[in-house]
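Q: Sharing a structure here in structure tokens format.
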Amino acid sequence: MSAERFIRAYNQIDDHLRDLLDIDRSRFGFASVVDQAAKRFSVVRRYADDLKEFGALRNAIVHDKEYPARIIADPRPEVVEAIERLAEVIINPPRVYPMFRREVRRLDVDDPLAKPLRWIREYHYTQFPAFRGARFAGLLTSRCIAQWLADSLATGGVDVAGATVADALRHDPFGGRRVAFVPRSATWYDAAELFTPGKGKRQAALEALLITESGREDEALLGIITPRDLLNPPEGLS
């Protein structure tokens, strides 16, 4: 029966959220559990309305006033498939690593500017995390380099051979504040939220997320995420 599959997926979600919150079945209804989980987990926030709709549908399908509870309706197959997909995403949300694992070419502020220029030509990269020792100094972008070039031309000439990454990095008006570090355990939904400025805030949106083991800037870079990478949710969910 479709209803049995629906109830199985619903119970998987309910059990998982209660485990996350350490709440047993004797406390709180499903909608309240969703609200509590949404305060802590981005994937639940993303689908909170859908989860509550499925909760209401579950109550329409199951007659709880009798014991044992009796199924009194059968959901459409596409509804069953939808809750099964959602259960998979809620229980096993896609992680930024290894999804966005890639080589990240790292610079030191004292490196010659010719180094990233060569990488731009060879690899067509446009963003390079720059460090001062183990400390993050900013994101060198093709925009920074273009502004450095324009200012150099306006003030007497371009000395690429003598220029350093720090020279071009000074043209980042945000001073590296448009970059955040995330741990490899972060979910796709965590990343999507970080790229979305909070309501009522006038802060600039992030340009990139850098993935490290635990989200610290002094760790090896495991990958990089840009807003373009997150245009479409995984698993065909919206």
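All residue names refer to the structure tokens as shown: chains lettered A, B, ... in order, residues numbered from 1 in each chain, ligands numbered from 1 in order.
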If we count only C-alpha atoms, what is near range 137-150 of chain A at a cut-off of 10 Å, once residues fewer than 5 positions away on the same chain are taken out, given as a count of residues only?

A: 39

Q: Find the residues around Pro94 in chain A up to 12 Å (only C-alpha atoms counted), leave out those fewer than 5 positions away in its own chain, and share them as a list in words.

A: Ser42, Val43, Glu88, Val89, Met99, Phe100, Arg184, Ser185, Ala186, Thr187, Trp188, Tyr189, Asp190, Ala191, Ala192, Pro233, Pro234, Glu235 and Leu237 of chain A

Q: So which residues of range 122-192 of chain A fall under strand (DSSP E or B) by DSSP, listed as a ChimeraX atom specification?

A: /A:127-132,135-141,164,179-183,187

Q: Give me a file of those residues, with N, CA, C and O atoms, as a CSV table (one decimal), in the first residue's frame.

A:
chain,number,residue,atom,x,y,z
A,127,GLN,N,39.6,33.3,-8.6
A,127,GLN,CA,39.6,33.6,-7.2
A,127,GLN,C,40.7,32.8,-6.5
A,127,GLN,O,40.8,31.6,-6.7
A,128,PHE,N,41.5,33.5,-5.7
A,128,PHE,CA,42.6,32.8,-5.0
A,128,PHE,C,42.7,33.3,-3.5
A,128,PHE,O,42.9,34.5,-3.3
A,129,PRO,N,42.5,32.4,-2.6
A,129,PRO,CA,42.6,32.7,-1.2
A,129,PRO,C,44.1,33.1,-0.9
A,129,PRO,O,45.0,32.4,-1.3
A,130,ALA,N,44.3,34.2,-0.2
A,130,ALA,CA,45.6,34.7,0.1
A,130,ALA,C,45.8,34.7,1.6
A,130,ALA,O,44.9,35.0,2.3
A,131,PHE,N,47.0,34.3,2.0
A,131,PHE,CA,47.3,34.2,3.4
A,131,PHE,C,48.5,35.0,3.8
A,131,PHE,O,49.4,35.2,3.0
A,132,ARG,N,48.6,35.4,5.0
A,132,ARG,CA,49.8,36.0,5.6
A,132,ARG,C,50.2,35.0,6.7
A,132,ARG,O,49.7,35.0,7.8
A,135,ARG,N,47.4,33.0,8.6
A,135,ARG,CA,46.2,33.8,8.7
A,135,ARG,C,45.6,34.2,7.4
A,135,ARG,O,46.4,34.7,6.5
A,136,PHE,N,44.3,34.1,7.2
A,136,PHE,CA,43.7,34.5,6.0
A,136,PHE,C,43.8,36.0,5.8
A,136,PHE,O,43.5,36.8,6.7
A,137,ALA,N,44.2,36.4,4.6
A,137,ALA,CA,44.4,37.9,4.4
A,137,ALA,C,43.4,38.4,3.4
A,137,ALA,O,43.2,39.6,3.4
A,138,GLY,N,42.7,37.6,2.6
A,138,GLY,CA,41.7,38.1,1.7
A,138,GLY,C,41.6,37.2,0.5
A,138,GLY,O,42.4,36.2,0.3
A,139,LEU,N,40.6,37.5,-0.3
A,139,LEU,CA,40.4,36.7,-1.6
A,139,LEU,C,40.8,37.6,-2.8
A,139,LEU,O,40.2,38.6,-3.1
A,140,LEU,N,41.9,37.1,-3.4
A,140,LEU,CA,42.4,37.8,-4.6
A,140,LEU,C,41.5,37.4,-5.8
A,140,LEU,O,41.4,36.2,-6.1
A,141,THR,N,40.9,38.4,-6.4
A,141,THR,CA,40.0,38.1,-7.5
A,141,THR,C,40.5,38.8,-8.8
A,141,THR,O,41.3,39.7,-8.7
A,164,THR,N,53.3,42.5,-6.0
A,164,THR,CA,53.0,41.3,-5.2
A,164,THR,C,51.5,41.1,-5.1
A,164,THR,O,50.7,42.0,-5.4
A,179,VAL,N,34.3,36.4,2.6
A,179,VAL,CA,34.7,35.0,2.6
A,179,VAL,C,34.4,34.4,4.0
A,179,VAL,O,34.7,35.0,5.0
A,180,ALA,N,33.9,33.2,4.0
A,180,ALA,CA,33.8,32.5,5.3
A,180,ALA,C,34.3,31.1,5.2
A,180,ALA,O,34.4,30.5,4.1
A,181,PHE,N,34.8,30.5,6.3
A,181,PHE,CA,35.3,29.2,6.3
A,181,PHE,C,34.3,28.2,6.9
A,181,PHE,O,33.6,28.6,7.9
A,182,VAL,N,34.1,27.1,6.3
A,182,VAL,CA,33.1,26.1,6.8
A,182,VAL,C,33.8,24.7,7.0
A,182,VAL,O,34.8,24.4,6.3
A,183,PRO,N,33.3,23.9,7.9
A,183,PRO,CA,33.9,22.6,8.1
A,183,PRO,C,33.4,21.6,7.0
A,183,PRO,O,32.4,21.9,6.4
A,187,THR,N,26.5,21.1,5.7
A,187,THR,CA,25.6,20.6,4.6
A,187,THR,C,25.5,21.6,3.5
A,187,THR,O,25.8,22.8,3.6

Q: Pull the helix (DSSP H, G or I) assignments for range 18-125 of chain A out of DSSP run on the backbone, and list those residues as a PyMOL selection string.

A: chain A and resi 18-21+30-38+42-61+77-91+96-99+114-123

Q: I'd like to know which of A:Glu193, A:Arg101, A:Ile83, A:Pro75 is closest to Arg46 in chain A, using only C-alpha atoms.

A: A:Glu193

Q: State, in Å with one decimal place, the distance from CA of Leu21 in chain A to CA of Glu53 in chain A.

A: 20.6 Å

Q: From the options A:Leu231, A:Leu222, A:Ala161, A:Val62, which residue's atoms come nearest to Ala114 in chain A, counting only C-alpha atoms?

A: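 Under the stated criterion, the closest residue is A:Ala161.
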
Q: One decimal, in Å: what's the spacing between CA of Asp110 in chain A and CA of Phe195 in chain A?

A: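 Taking CA of Asp110 in chain A and CA of Phe195 in chain A, their separation equals 29.5 Å.
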
Q: Do a neighbour search on Gly29 in chain A at 12 Å with only C-alpha atoms, toss out local chain neighbours closer than 6 positions, and write the hits as a tab-separated table (two decimals) with C-alpha atoms, in the first residue's frame.

A:
chain	number	residue	atom	x	y	z
A	14	ASP	CA	9.92	11.96	13.00
A	15	ASP	CA	12.33	9.53	14.71
A	17	LEU	CA	14.31	14.75	14.35
A	18	ARG	CA	13.48	13.50	17.84
A	23	ILE	CA	12.91	14.24	22.47
A	35	ASP	CA	9.77	24.04	14.70
A	36	GLN	CA	12.39	23.14	17.30
A	52	LYS	CA	4.29	20.21	8.38
A	55	GLY	CA	2.44	15.83	9.06
A	56	ALA	CA	-1.10	17.05	8.42
A	59	ASN	CA	-3.05	12.66	10.39

Q: Near Ala3 in chain A, within 8 Å and counting only C-alpha atoms, which residues show up once chain neighbours fewer than 5 positions away are dropped, as number ranges by chain?

A: A: 61, 71, 73-75, 80
